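A.B. asks: What follows is the file run_16.cif, containing mmCIF, C-alpha atoms:
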```cif
data_structure
loop_
_atom_site.label_atom_id
_atom_site.label_comp_id
_atom_site.auth_asym_id
_atom_site.auth_seq_id
_atom_site.Cartn_x
_atom_site.Cartn_y
_atom_site.Cartn_z
CA MET G 162 17.18 -15.41 38.19
CA SER G 163 13.69 -15.31 36.79
CA PRO G 164 13.29 -16.47 33.20
CA GLY G 165 11.93 -13.09 32.10
CA ARG G 166 15.01 -11.23 33.25
CA ALA G 167 16.94 -11.78 30.05
CA GLN G 168 14.28 -9.96 28.01
CA LEU G 169 15.10 -6.57 29.51
CA THR G 170 16.98 -4.43 27.03
CA PRO G 171 19.96 -2.61 28.51
CA VAL G 172 19.34 0.96 29.64
CA ALA G 173 20.58 3.48 27.11
CA PRO G 174 23.71 5.37 28.12
CA ARG G 175 23.09 8.84 29.52
CA SER G 176 23.74 11.70 27.16
CA ARG G 177 26.38 14.31 27.98
CA ILE G 178 23.99 17.26 27.73
CA SER G 179 21.15 17.22 30.22
CA LEU G 180 17.60 17.67 29.01
CA PRO G 181 16.76 20.75 31.17
CA ALA G 182 19.88 22.52 29.85
CA LEU G 183 18.79 21.74 26.28
CA ALA G 184 15.27 22.96 26.95
CA ALA G 185 16.59 26.22 28.43
CA ALA G 186 18.94 26.68 25.47
CA SER G 187 16.15 26.20 22.95
CA LEU G 188 13.89 28.63 24.82
CA VAL G 189 16.59 31.32 24.80
CA LEU G 190 17.58 30.70 21.18
CA VAL G 191 14.04 30.61 19.80
CA THR G 192 13.14 33.80 21.70
CA LEU G 193 16.29 35.49 20.42
CA ALA G 194 15.50 34.37 16.87
CA LEU G 195 11.93 35.72 17.15
CA VAL G 196 13.20 39.06 18.46
CA LEU G 197 15.78 39.33 15.68
CA VAL G 198 13.31 38.33 12.95
CA PHE G 199 10.52 40.66 14.03
CA PHE G 200 12.33 43.67 15.51
CA VAL G 201 15.91 43.89 14.31
CA VAL G 202 16.22 42.72 10.74
CA PRO G 203 15.23 45.30 8.08
CA ASN G 204 12.32 44.73 5.71
CA ASP G 205 13.12 43.14 2.37
CA ALA G 206 13.16 45.78 -0.38
CA ASP G 207 11.29 43.52 -2.80
CA GLN G 208 8.82 41.57 -0.74
CA GLY G 209 8.46 43.65 2.40
CA PHE G 210 7.40 42.24 5.75
CA SER G 211 6.31 38.82 4.53
CA GLN G 212 9.84 37.92 3.54
CA ARG G 213 10.64 37.47 7.24
CA ILE G 214 9.03 34.03 7.22
CA PHE G 215 11.98 33.03 5.07
CA TYR G 216 14.22 32.92 8.15
CA PHE G 217 12.07 30.23 9.69
CA HIS G 218 11.06 28.48 6.48
CA VAL G 219 14.63 27.83 5.38
CA SER G 220 15.99 26.97 8.79
CA ILE G 221 13.12 24.56 9.44
CA ALA G 222 13.71 22.91 6.06
CA ILE G 223 17.39 22.38 6.83
CA THR G 224 16.47 21.06 10.28
CA ALA G 225 14.07 18.58 8.68
CA TYR G 226 16.85 17.34 6.39
CA ALA G 227 19.10 17.02 9.41
CA CYS G 228 16.44 14.92 11.18
CA PHE G 229 16.01 12.63 8.17
CA GLY G 230 19.78 12.37 7.91
CA LEU G 231 20.04 11.47 11.60
CA GLY G 232 17.27 8.89 11.15
CA ALA G 233 19.14 7.29 8.26
CA TRP G 234 22.42 7.36 10.17
CA LYS G 235 20.82 5.61 13.16
CA ALA G 236 19.24 3.13 10.76
CA LEU G 237 22.67 2.37 9.37
CA VAL G 238 24.03 1.94 12.90
CA HIS G 239 21.20 -0.48 13.61
CA LEU G 240 21.88 -2.60 10.53
CA TRP G 241 25.62 -2.44 10.85
CA LYS G 242 26.39 -2.66 14.57
CA ARG G 243 23.10 -4.13 15.84
CA ASP G 244 22.96 -1.39 18.48
CA PRO G 245 19.78 -2.14 20.49
CA HIS G 246 18.96 1.57 20.92
CA ALA G 247 19.44 2.62 17.32
CA ASP G 248 16.02 1.50 16.06
CA LEU G 249 14.06 3.70 18.46
CA GLU G 250 16.45 6.59 17.89
CA SER G 251 16.04 6.29 14.13
CA TYR G 252 12.26 6.24 14.46
CA VAL G 253 12.19 9.30 16.73
CA ALA G 254 14.51 11.23 14.41
CA VAL G 255 12.28 10.45 11.41
CA HIS G 256 9.23 11.44 13.45
CA GLN G 257 10.76 14.83 14.27
CA GLY G 258 11.73 15.16 10.62
CA VAL G 259 8.12 14.67 9.57
CA ILE G 260 6.93 17.26 12.09
CA PHE G 261 9.45 19.82 10.83
CA GLY G 262 8.69 18.77 7.26
CA SER G 263 5.01 19.58 7.79
CA LEU G 264 6.06 22.98 9.13
CA VAL G 265 8.05 23.52 5.93
CA LEU G 266 4.90 22.83 3.90
CA ILE G 267 2.85 25.20 6.06
CA THR G 268 5.38 28.06 6.12
CA GLY G 269 6.13 27.53 2.44
CA SER G 270 2.54 27.73 1.31
CA THR G 271 1.90 30.73 3.59
CA TRP G 272 4.82 32.47 1.94
CA ALA G 273 3.58 31.46 -1.51
CA LYS G 274 0.10 32.79 -0.76
CA ILE G 275 1.35 36.17 0.43
CA SER G 276 4.05 36.63 -2.20
CA TRP G 277 2.40 35.14 -5.25
CA GLY G 278 -1.25 34.77 -4.35
CA HIS G 279 -1.47 30.97 -4.48
CA TRP G 280 -1.39 28.50 -1.63
CA TRP G 281 0.43 25.97 -3.73
CA LEU G 282 3.05 26.43 -6.42
CA TRP G 283 4.43 23.51 -8.38
CA SER G 284 7.30 25.72 -9.48
CA GLU G 285 8.73 25.87 -5.96
CA ASP G 286 11.29 23.04 -5.82
CA GLN G 287 11.54 22.86 -2.07
CA LEU G 288 7.79 22.70 -1.53
CA VAL G 289 7.31 19.91 -4.05
CA LEU G 290 10.27 18.01 -2.68
CA PHE G 291 8.86 18.23 0.82
CA LEU G 292 5.51 17.00 -0.40
CA VAL G 293 7.19 13.92 -1.91
CA LEU G 294 9.19 13.38 1.26
CA PHE G 295 6.10 13.86 3.39
CA LEU G 296 4.29 11.14 1.44
CA PHE G 297 7.33 8.90 1.63
CA TYR G 298 7.79 9.24 5.38
CA ALA G 299 4.06 8.98 6.06
CA ALA G 300 4.34 5.55 4.45
CA TYR G 301 7.25 4.88 6.82
CA PHE G 302 4.82 5.10 9.73
CA MET G 303 2.28 2.92 7.96
CA LEU G 304 5.00 0.33 7.41
CA ARG G 305 6.29 0.51 10.96
CA TYR G 306 2.89 0.14 12.54
CA SER G 307 1.78 -2.80 10.46
CA VAL G 308 4.66 -4.98 11.63
CA ASP G 309 4.80 -6.39 15.14
CA PRO G 310 7.55 -4.92 17.34
CA GLY G 311 10.72 -6.92 17.08
CA PRO G 312 13.81 -7.38 14.95
CA GLN G 313 11.85 -7.56 11.71
CA ARG G 314 10.15 -4.23 12.32
CA ALA G 315 13.49 -2.67 13.21
CA ASN G 316 15.03 -3.97 9.98
CA PHE G 317 12.15 -2.83 7.78
CA SER G 318 12.14 0.63 9.32
CA ALA G 319 15.91 0.94 9.01
CA VAL G 320 16.00 -0.12 5.37
CA TYR G 321 13.15 2.22 4.49
CA ALA G 322 14.80 5.14 6.31
CA LEU G 323 17.93 4.50 4.25
CA PHE G 324 15.85 4.61 1.07
CA GLY G 325 14.64 8.03 2.17
CA VAL G 326 18.07 9.55 2.36
CA VAL G 327 18.75 8.31 -1.18
CA LEU G 328 15.37 9.53 -2.38
CA ILE G 329 16.06 13.13 -1.27
CA PRO G 330 18.80 13.94 -3.83
CA VAL G 331 17.19 11.76 -6.53
CA SER G 332 13.84 13.52 -6.14
CA PHE G 333 15.52 16.88 -6.04
CA MET G 334 17.18 16.15 -9.38
CA ALA G 335 13.92 14.85 -10.78
CA ILE G 336 11.98 17.92 -9.70
CA ARG G 337 14.63 20.18 -11.22
CA LEU G 338 14.33 18.18 -14.45
CA ALA G 339 10.54 18.30 -14.37
CA LYS G 340 10.60 22.05 -14.19
CA GLN G 341 12.38 22.25 -17.51
CA ALA G 342 9.95 20.09 -19.42
CA ILE G 343 6.71 19.78 -17.55
CA HIS G 344 6.36 23.08 -15.71
CA PRO G 345 7.72 26.33 -17.03
CA VAL G 346 9.88 28.36 -14.67
CA VAL G 347 7.59 31.16 -13.56
CA PHE G 348 9.47 32.82 -10.78
CA THR G 349 13.17 33.42 -10.82
CA ARG G 350 14.64 34.74 -7.63
CA HIS G 351 18.06 36.27 -7.62
CA GLY G 352 20.18 34.79 -4.87
CA PRO G 353 19.48 36.15 -1.41
CA ASN G 354 21.60 39.14 -0.62
CA PHE G 355 23.27 37.94 2.53
CA GLY G 356 25.08 40.26 4.86
CA GLY G 357 24.96 42.05 8.22
CA TRP G 358 21.84 41.49 10.29
CA ILE G 359 20.26 39.27 7.68
CA LEU G 360 23.05 36.75 7.96
CA VAL G 361 23.15 36.97 11.77
CA THR G 362 19.39 36.51 12.04
CA TYR G 363 19.41 33.58 9.66
CA CYS G 364 22.24 31.88 11.57
CA VAL G 365 20.52 32.39 14.93
CA ALA G 366 17.22 31.07 13.57
CA GLN G 367 19.02 28.07 12.08
CA VAL G 368 20.82 27.21 15.32
CA ALA G 369 17.60 27.77 17.29
CA MET G 370 15.67 25.33 15.10
CA LEU G 371 18.42 22.70 15.25
CA VAL G 372 18.63 22.94 19.04
CA LEU G 373 14.83 22.88 19.31
CA ALA G 374 14.65 19.79 17.10
CA TYR G 375 17.33 18.06 19.14
CA THR G 376 15.51 18.92 22.38
CA LEU G 377 12.24 17.54 21.04
CA TYR G 378 14.08 14.47 19.82
CA ARG G 379 15.51 13.89 23.27
CA VAL G 380 12.14 14.48 25.00
CA GLU G 381 10.33 12.04 22.72
CA LEU G 382 13.13 9.51 23.04
CA ALA G 383 13.06 9.72 26.82
CA GLY G 384 9.28 9.24 26.85
CA LYS G 385 9.41 6.30 24.46
CA ARG G 386 12.19 4.68 26.45
CA VAL G 387 10.27 4.98 29.72
CA ASP G 388 7.23 3.48 27.98
CA ALA G 389 9.21 0.54 26.67
CA ARG G 390 10.89 0.02 30.03
CA VAL G 391 7.59 0.00 31.91
CA ARG G 392 6.13 -2.46 29.43
CA GLU G 393 9.11 -4.78 29.76
CA LEU G 394 9.01 -4.61 33.54
CA LYS G 395 5.30 -5.39 33.56
CA GLU G 396 5.95 -8.42 31.37
CA VAL G 397 8.72 -9.61 33.65
CA LEU G 398 6.57 -9.20 36.77
CA ALA G 399 3.45 -10.74 35.26
CA MET O 1079 29.02 -18.30 -11.28
CA THR O 1080 26.93 -20.08 -8.65
CA TYR O 1081 25.28 -16.72 -7.94
CA VAL O 1082 24.15 -16.40 -11.56
CA ARG O 1083 22.90 -20.00 -11.50
CA ASP O 1084 20.95 -19.37 -8.28
CA VAL O 1085 19.34 -16.25 -9.71
CA GLY O 1086 18.53 -18.12 -12.92
CA ALA O 1087 16.93 -20.99 -11.03
CA LEU O 1088 14.80 -18.63 -8.92
CA ALA O 1089 13.65 -16.61 -11.93
CA ARG O 1090 12.90 -19.80 -13.86
CA LYS O 1091 10.79 -21.07 -10.97
CA ASP O 1092 8.60 -17.95 -11.07
CA LEU O 1093 8.24 -18.00 -14.84
CA LEU O 1094 7.34 -21.68 -14.81
CA LEU O 1095 4.79 -21.10 -12.07
CA GLU O 1096 3.22 -18.30 -14.10
CA LEU O 1097 3.24 -20.41 -17.26
CA ARG O 1098 1.28 -23.13 -15.47
CA ALA O 1099 -1.06 -21.11 -13.28
CA ARG O 1100 -1.43 -17.96 -15.46
CA ASP O 1101 -2.26 -15.81 -12.45
CA THR O 1102 -0.60 -12.49 -13.04
CA LEU O 1103 0.05 -11.76 -16.69
CA PRO O 1104 -3.53 -11.98 -18.02
CA ALA O 1105 -4.65 -9.72 -15.18
CA MET O 1106 -1.96 -7.16 -16.01
CA LEU O 1107 -2.86 -7.22 -19.71
CA LEU O 1108 -6.57 -6.75 -19.13
CA PHE O 1109 -5.88 -4.05 -16.58
CA VAL O 1110 -3.61 -2.00 -18.80
CA VAL O 1111 -6.01 -2.10 -21.76
CA ALA O 1112 -8.92 -1.22 -19.49
CA THR O 1113 -6.98 1.77 -18.10
CA PHE O 1114 -6.38 3.02 -21.64
CA VAL O 1115 -10.11 2.93 -22.31
CA VAL O 1116 -10.76 4.79 -19.05
CA PHE O 1117 -8.11 7.35 -19.99
CA HIS O 1118 -9.68 7.86 -23.38
CA PHE O 1119 -12.90 8.93 -21.70
CA ALA O 1120 -11.07 10.84 -18.97
CA LEU O 1121 -9.38 13.04 -21.58
CA PRO O 1122 -11.79 15.56 -23.06
CA SER O 1123 -11.83 15.44 -26.84
CA GLY O 1124 -9.36 17.89 -28.28
CA SER O 1125 -6.84 17.33 -25.48
CA SER O 1126 -3.25 17.47 -26.58
CA ASP O 1127 -1.13 14.42 -27.27
CA LEU O 1128 1.07 15.54 -24.41
CA ALA O 1129 -1.64 14.66 -21.91
CA ALA O 1130 -1.98 11.17 -23.37
CA SER O 1131 1.81 10.70 -23.10
CA GLY O 1132 1.56 11.48 -19.41
CA LEU O 1133 -1.26 9.01 -18.92
CA LEU O 1134 0.82 6.24 -20.52
CA TRP O 1135 3.12 6.52 -17.53
CA VAL O 1136 0.25 6.36 -15.07
CA ALA O 1137 -0.90 3.17 -16.78
CA ILE O 1138 2.58 1.64 -16.64
CA VAL O 1139 3.09 2.41 -12.95
CA PHE O 1140 -0.29 1.01 -11.93
CA THR O 1141 0.02 -2.07 -14.09
CA ALA O 1142 3.41 -2.73 -12.53
CA LEU O 1143 1.85 -2.32 -9.08
CA LEU O 1144 -0.69 -4.98 -9.94
CA GLY O 1145 2.06 -7.45 -10.79
CA LEU O 1146 4.28 -6.44 -7.88
CA GLY O 1147 1.48 -6.93 -5.39
CA ARG O 1148 1.28 -10.56 -6.42
CA ALA O 1149 5.03 -11.16 -6.64
CA PHE O 1150 5.71 -12.52 -3.18
CA VAL O 1151 2.26 -13.91 -2.41
CA PRO O 1152 3.07 -17.54 -3.40
CA GLU O 1153 6.26 -17.41 -1.32
CA ARG O 1154 4.28 -16.25 1.68
CA GLU O 1155 1.29 -18.53 1.35
CA GLN O 1156 3.29 -21.69 0.81
CA ARG O 1157 6.03 -20.60 3.22
CA VAL O 1158 8.63 -20.93 0.47
CA LEU O 1159 10.46 -17.88 1.76
CA ASP O 1160 11.68 -19.72 4.88
CA GLY O 1161 13.16 -22.40 2.65
CA LEU O 1162 14.79 -19.85 0.37
CA VAL O 1163 16.34 -18.03 3.31
CA LEU O 1164 17.74 -21.33 4.61
CA ALA O 1165 19.12 -22.27 1.19
CA PRO O 1166 22.90 -21.93 0.85
CA CYS O 1167 22.77 -18.99 -1.53
CA ASP O 1168 23.22 -15.26 -1.16
CA ARG O 1169 19.92 -13.70 0.00
CA SER O 1170 20.13 -10.95 -2.59
CA ALA O 1171 19.68 -13.69 -5.23
CA ILE O 1172 16.06 -14.01 -4.02
CA TRP O 1173 15.47 -10.34 -4.82
CA LEU O 1174 17.30 -10.50 -8.14
CA GLY O 1175 15.50 -13.65 -9.29
CA LYS O 1176 12.11 -12.26 -8.35
CA GLY O 1177 12.98 -8.92 -9.90
CA ILE O 1178 13.92 -10.52 -13.21
CA ALA O 1179 10.71 -12.57 -13.26
CA THR O 1180 8.63 -9.46 -12.54
CA LEU O 1181 10.53 -7.58 -15.24
CA VAL O 1182 9.63 -10.31 -17.74
CA PHE O 1183 5.93 -10.06 -16.80
CA LEU O 1184 5.94 -6.29 -17.05
CA ALA O 1185 7.80 -6.35 -20.37
CA ALA O 1186 5.36 -8.94 -21.71
CA ALA O 1187 2.41 -6.77 -20.67
CA GLU O 1188 4.04 -3.76 -22.35
CA VAL O 1189 4.70 -5.61 -25.60
CA VAL O 1190 0.93 -5.61 -25.94
CA ALA O 1191 0.20 -2.33 -24.14
CA LEU O 1192 2.50 -0.05 -26.13
CA PRO O 1193 1.07 -0.95 -29.58
CA VAL O 1194 -2.43 -0.65 -28.13
CA PHE O 1195 -1.52 2.79 -26.79
CA ALA O 1196 -0.17 3.76 -30.21
CA LEU O 1197 -3.41 2.54 -31.77
CA PHE O 1198 -5.75 4.28 -29.31
CA PHE O 1199 -3.89 7.57 -28.85
CA HIS O 1200 -0.89 8.51 -30.93
CA GLY O 1201 2.33 6.94 -32.17
CA LEU O 1202 5.31 6.22 -29.97
CA THR O 1203 8.76 7.68 -30.34
CA ALA O 1204 11.93 5.64 -29.93
CA ALA O 1205 12.74 7.76 -26.88
CA THR O 1206 9.48 6.73 -25.21
CA VAL O 1207 10.23 3.06 -25.77
CA ALA O 1208 13.78 3.51 -24.43
CA ALA O 1209 12.38 5.33 -21.39
CA VAL O 1210 9.87 2.52 -20.79
CA VAL O 1211 12.66 -0.05 -20.86
CA LEU O 1212 14.78 1.95 -18.41
CA ALA O 1213 11.81 2.70 -16.17
CA ASP O 1214 10.85 -0.99 -16.07
CA VAL O 1215 14.21 -1.86 -14.56
CA GLY O 1216 13.81 0.74 -11.81
CA ILE O 1217 10.17 -0.15 -11.16
CA CYS O 1218 10.96 -3.84 -10.81
CA ALA O 1219 14.08 -3.30 -8.68
CA VAL O 1220 12.35 -1.04 -6.15
CA GLY O 1221 8.94 -2.67 -6.43
CA THR O 1222 10.15 -6.21 -5.80
CA PHE O 1223 12.07 -5.02 -2.78
CA LEU O 1224 9.09 -3.20 -1.32
CA GLY O 1225 6.79 -6.09 -2.27
CA ALA O 1226 8.88 -8.40 -0.12
CA MET O 1227 8.47 -6.01 2.80
CA ALA O 1228 4.77 -5.33 2.26
CA VAL O 1229 3.84 -8.99 2.10
CA ALA O 1230 5.36 -9.55 5.55
CA THR O 1231 3.21 -6.86 7.17
CA ARG O 1232 -0.35 -7.01 8.48
CA ALA O 1233 -1.58 -4.51 5.91
CA ARG O 1234 -0.20 -6.59 2.98
CA ASP O 1235 -1.36 -5.36 -0.43
CA LEU O 1236 -2.74 -2.18 1.08
CA LEU O 1237 0.76 -1.05 1.92
CA LEU O 1238 2.65 -1.62 -1.32
CA PRO O 1239 1.19 1.32 -3.29
CA LEU O 1240 1.82 3.64 -0.35
CA LEU O 1241 5.42 2.57 -0.11
CA PHE O 1242 6.00 2.45 -3.84
CA LEU O 1243 4.37 5.57 -5.29
CA PRO O 1244 6.56 8.20 -3.58
CA LEU O 1245 9.60 6.29 -4.84
CA ALA O 1246 8.07 6.05 -8.32
CA ILE O 1247 7.61 9.81 -8.70
CA PRO O 1248 11.16 10.33 -10.05
CA ILE O 1249 10.56 7.50 -12.57
CA VAL O 1250 7.37 9.15 -13.79
CA ILE O 1251 9.13 12.51 -14.09
CA GLY O 1252 11.98 10.97 -16.09
CA GLY O 1253 9.60 8.96 -18.27
CA VAL O 1254 7.21 11.78 -19.04
CA GLY O 1255 10.13 14.11 -19.70
CA ALA O 1256 11.69 11.65 -22.15
CA SER O 1257 8.37 11.16 -23.96
CA ILE O 1258 7.55 14.81 -24.49
CA VAL O 1259 10.75 16.77 -25.09
CA GLY O 1260 12.75 16.99 -28.30
CA SER O 1261 16.10 15.92 -26.87
CA PRO O 1262 15.41 13.23 -24.26
CA GLY O 1263 19.04 12.34 -23.48
CA ARG O 1264 19.06 14.02 -20.10
CA TYR O 1265 15.89 12.25 -18.96
CA LEU O 1266 17.10 8.86 -20.15
CA ALA O 1267 20.37 9.42 -18.31
CA PHE O 1268 18.40 10.31 -15.19
CA LEU O 1269 16.37 7.10 -15.45
CA ALA O 1270 19.57 5.08 -15.86
CA LEU O 1271 21.01 6.80 -12.80
CA TYR O 1272 17.86 6.02 -10.80
CA ASP O 1273 18.08 2.36 -11.85
CA ALA O 1274 21.73 2.10 -10.86
CA VAL O 1275 21.35 3.83 -7.49
CA PHE O 1276 18.24 2.00 -6.35
CA ALA O 1277 19.28 -1.39 -7.72
CA LEU O 1278 22.49 -1.07 -5.74
CA ILE O 1279 20.79 -0.13 -2.47
CA CYS O 1280 18.15 -2.87 -2.90
CA TRP O 1281 20.77 -5.46 -3.71
CA ALA O 1282 22.85 -4.48 -0.69
CA SER O 1283 20.03 -4.34 1.84
CA PHE O 1284 17.68 -7.15 0.78
CA GLU O 1285 19.28 -9.51 3.26
CA TYR O 1286 17.78 -7.46 6.12
CA VAL O 1287 14.28 -7.80 4.70
CA VAL O 1288 14.20 -11.58 4.82
CA THR O 1289 16.34 -12.21 7.90
CA GLU O 1290 16.06 -10.96 11.45
#
```
Mind converting the file's structure to structure tokens?
C.D. replies:
Amino acid sequence: MSPGRAQLTPVAPRSRISLPALAAASLVLVTLALVLVFFVVPNDADQGFSQRIFYFHVSIAITAYACFGLGAWKALVHLWKRDPHADLESYVAVHQGVIFGSLVLITGSTWAKISWGHWWLWSEDQLVLFLVLFLFYAAYFMLRYSVDPGPQRANFSAVYALFGVVLIPVSFMAIRLAKQAIHPVVFTRHGPNFGGWILVTYCVAQVAMLVLAYTLYRVELAGKRVDARVRELKEVLA
Amino acid sequence: MTYVRDVGALARKDLLLELRARDTLPAMLLFVVATFVVFHFALPSGSSDLAASGLLWVAIVFTALLGLGRAFVPEREQRVLDGLVLAPCDRSAIWLGKGIATLVFLAAAEVVALPVFALFFHGLTAATVAAVVLADVGICAVGTFLGAMAVATRARDLLLPLLFLPLAIPIVIGGVGASIVGSPGRYLAFLALYDAVFALICWASFEYVVTE
């Protein structure tokens, strides 16, 4: 047995759902969601056509939370069980979360521009929260890439990802509080009137985004794992 | 009881070091007074007192950052951290001891900074002082933790503000809220909640920062 052999990390167990099936499912679901949003659902009485972005904006936001949650969960698994795959999985989940989080900022400010005439509104809780989270998770990447790969980097990333999942509710409370004192409430929206096609469309868009995020997560994970494997093999053969 | 003794010994070590070398505290004091002067000129004349109250919190956060950036540098340079990790004490004691020492520095800087602020801008309310005390605890808890991480990275002091500021936004919101509204109870309660939540998570996970 060559001395380098022991350095190879075990191959991750295969997932139950195959990647092509996931990709096909996300294609079908996203297409269905687009059709429903643009052709089936009626215009909003108040805001007209532009309100349709809401179906994507909200479902992307919830998907981003789900990604951050998954990242924190994998971080916990890493710290707790020392699972050798959990670190990479946590990183990929956070990465997808940041991508979807950026989409929340883009769709949110597009909506704000069309509805209220400004690209940025400090009175929109979700937008401000996502800005804070975006800054926080951007620092996650800075942290991760200024530590050499190894157990220390895995620990730092895991601990910071756990901080993130605590920061989400704390920031949300803080932003709610800030609105009362620091920024006046300008826009009050009565709760969305859910029912019929609106509810169906929202649910389809939500499922589509979650499946899409999971597919992207799996694709990135597969790529990163192949990369790591090739690097390890090269080191062993060298 | 040994845990309390360990924490006390670690905090005493830092305070003694500062008393002899005088590295951090004079820098923090000069910095905070200099920021107030900058803020005076940054605020156009006739600005409201509310704006100055907000700037107080900017000054506090940045002054704390100055101290936090230095907190783990001696440990790193002299390789004390390896010894501390090997010592037969709970690893979270390292965080708590360092956090208490940093809190003392920050409080000492504020004992001067708050009267100077009152002199330069406008008087302070009891609620502001209470908010500063509560915020200090949160700043030192989170900041010491992140300082320990940042000092182990290649980027070092470049990284700490990036890691710390997003986490400090809730503190600033709570602090500014408590300084400017009539009934600050809700904001003070929020700051206390922040302190409790983040102190707990830092205390529980510090072990993973210093061990592999």
A.B. asks: If the PyMOL selection byres ((chain G) within 10 of (chain O)) were run on this exact file, what residues would it hold? Put them as a CSV table (one decimal) with C-alpha atoms, in the frame of the given file.
C.D. replies:
```csv
chain,number,residue,atom,x,y,z
G,240,LEU,CA,21.9,-2.6,10.5
G,292,LEU,CA,5.5,17.0,-0.4
G,293,VAL,CA,7.2,13.9,-1.9
G,294,LEU,CA,9.2,13.4,1.3
G,295,PHE,CA,6.1,13.9,3.4
G,296,LEU,CA,4.3,11.1,1.4
G,297,PHE,CA,7.3,8.9,1.6
G,298,TYR,CA,7.8,9.2,5.4
G,299,ALA,CA,4.1,9.0,6.1
G,300,ALA,CA,4.3,5.6,4.4
G,301,TYR,CA,7.2,4.9,6.8
G,303,MET,CA,2.3,2.9,8.0
G,304,LEU,CA,5.0,0.3,7.4
G,305,ARG,CA,6.3,0.5,11.0
G,306,TYR,CA,2.9,0.1,12.5
G,307,SER,CA,1.8,-2.8,10.5
G,308,VAL,CA,4.7,-5.0,11.6
G,309,ASP,CA,4.8,-6.4,15.1
G,311,GLY,CA,10.7,-6.9,17.1
G,312,PRO,CA,13.8,-7.4,15.0
G,313,GLN,CA,11.8,-7.6,11.7
G,314,ARG,CA,10.2,-4.2,12.3
G,315,ALA,CA,13.5,-2.7,13.2
G,316,ASN,CA,15.0,-4.0,10.0
G,317,PHE,CA,12.2,-2.8,7.8
G,318,SER,CA,12.1,0.6,9.3
G,319,ALA,CA,15.9,0.9,9.0
G,320,VAL,CA,16.0,-0.1,5.4
G,321,TYR,CA,13.2,2.2,4.5
G,323,LEU,CA,17.9,4.5,4.2
G,324,PHE,CA,15.8,4.6,1.1
G,325,GLY,CA,14.6,8.0,2.2
G,327,VAL,CA,18.8,8.3,-1.2
G,328,LEU,CA,15.4,9.5,-2.4
G,331,VAL,CA,17.2,11.8,-6.5
G,332,SER,CA,13.8,13.5,-6.1
G,333,PHE,CA,15.5,16.9,-6.0
G,334,MET,CA,17.2,16.2,-9.4
G,335,ALA,CA,13.9,14.8,-10.8
G,336,ILE,CA,12.0,17.9,-9.7
G,337,ARG,CA,14.6,20.2,-11.2
G,338,LEU,CA,14.3,18.2,-14.4
G,339,ALA,CA,10.5,18.3,-14.4
G,340,LYS,CA,10.6,22.0,-14.2
G,341,GLN,CA,12.4,22.2,-17.5
G,342,ALA,CA,10.0,20.1,-19.4
G,343,ILE,CA,6.7,19.8,-17.6
```
A.B. asks: Counting only C-alpha atoms, which residue out of G:Val202, G:Ala322, G:Leu290, G:Leu264 sits closest to His239 of chain G?
C.D. replies: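 The shortest atom-to-atom distance to His239 of chain G comes from G:Ala322.
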A.B. asks: Starting from the displayed file, determine the output of the PyMOL selection byres ((chain G and resi 220) around 12) and express the residue list as an MDAnalysis selection string.
C.D. replies: chainID G and resid 191 194 213:219 221:227 261:262 264:265 268:269 362:374
A.B. asks: Counting only C-alpha atoms, which residues have an atom no more than 10 Å from (12.9, -0.6, -11.2) in the file's coordinates? Please list them as a PyMOL selection string.
C.D. replies: chain O and resi 1142+1177+1180-1181+1211-1223+1245-1246+1249+1269-1270+1272-1274+1276-1277
A.B. asks: Kindly save the residues from that selection, with C-alpha atoms included, as a PDB file, in the coordinates of the input.
C.D. replies:
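part.pdb, freshly written:
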```pdb
ATOM      1  CA  ALA O1142       3.410  -2.730 -12.530  1.00  0.00           C
ATOM      2  CA  GLY O1177      12.980  -8.920  -9.900  1.00  0.00           C
ATOM      3  CA  THR O1180       8.630  -9.460 -12.540  1.00  0.00           C
ATOM      4  CA  LEU O1181      10.530  -7.580 -15.240  1.00  0.00           C
ATOM      5  CA  VAL O1211      12.660  -0.050 -20.860  1.00  0.00           C
ATOM      6  CA  LEU O1212      14.780   1.950 -18.410  1.00  0.00           C
ATOM      7  CA  ALA O1213      11.810   2.700 -16.170  1.00  0.00           C
ATOM      8  CA  ASP O1214      10.850  -0.990 -16.070  1.00  0.00           C
ATOM      9  CA  VAL O1215      14.210  -1.860 -14.560  1.00  0.00           C
ATOM     10  CA  GLY O1216      13.810   0.740 -11.810  1.00  0.00           C
ATOM     11  CA  ILE O1217      10.170  -0.150 -11.160  1.00  0.00           C
ATOM     12  CA  CYS O1218      10.960  -3.840 -10.810  1.00  0.00           C
ATOM     13  CA  ALA O1219      14.080  -3.300  -8.680  1.00  0.00           C
ATOM     14  CA  VAL O1220      12.350  -1.040  -6.150  1.00  0.00           C
ATOM     15  CA  GLY O1221       8.940  -2.670  -6.430  1.00  0.00           C
ATOM     16  CA  THR O1222      10.150  -6.210  -5.800  1.00  0.00           C
ATOM     17  CA  PHE O1223      12.070  -5.020  -2.780  1.00  0.00           C
ATOM     18  CA  LEU O1245       9.600   6.290  -4.840  1.00  0.00           C
ATOM     19  CA  ALA O1246       8.070   6.050  -8.320  1.00  0.00           C
ATOM     20  CA  ILE O1249      10.560   7.500 -12.570  1.00  0.00           C
ATOM     21  CA  LEU O1269      16.370   7.100 -15.450  1.00  0.00           C
ATOM     22  CA  ALA O1270      19.570   5.080 -15.860  1.00  0.00           C
ATOM     23  CA  TYR O1272      17.860   6.020 -10.800  1.00  0.00           C
ATOM     24  CA  ASP O1273      18.080   2.360 -11.850  1.00  0.00           C
ATOM     25  CA  ALA O1274      21.730   2.100 -10.860  1.00  0.00           C
ATOM     26  CA  PHE O1276      18.240   2.000  -6.350  1.00  0.00           C
ATOM     27  CA  ALA O1277      19.280  -1.390  -7.720  1.00  0.00           C
TER      28      ALA O1277
END
```
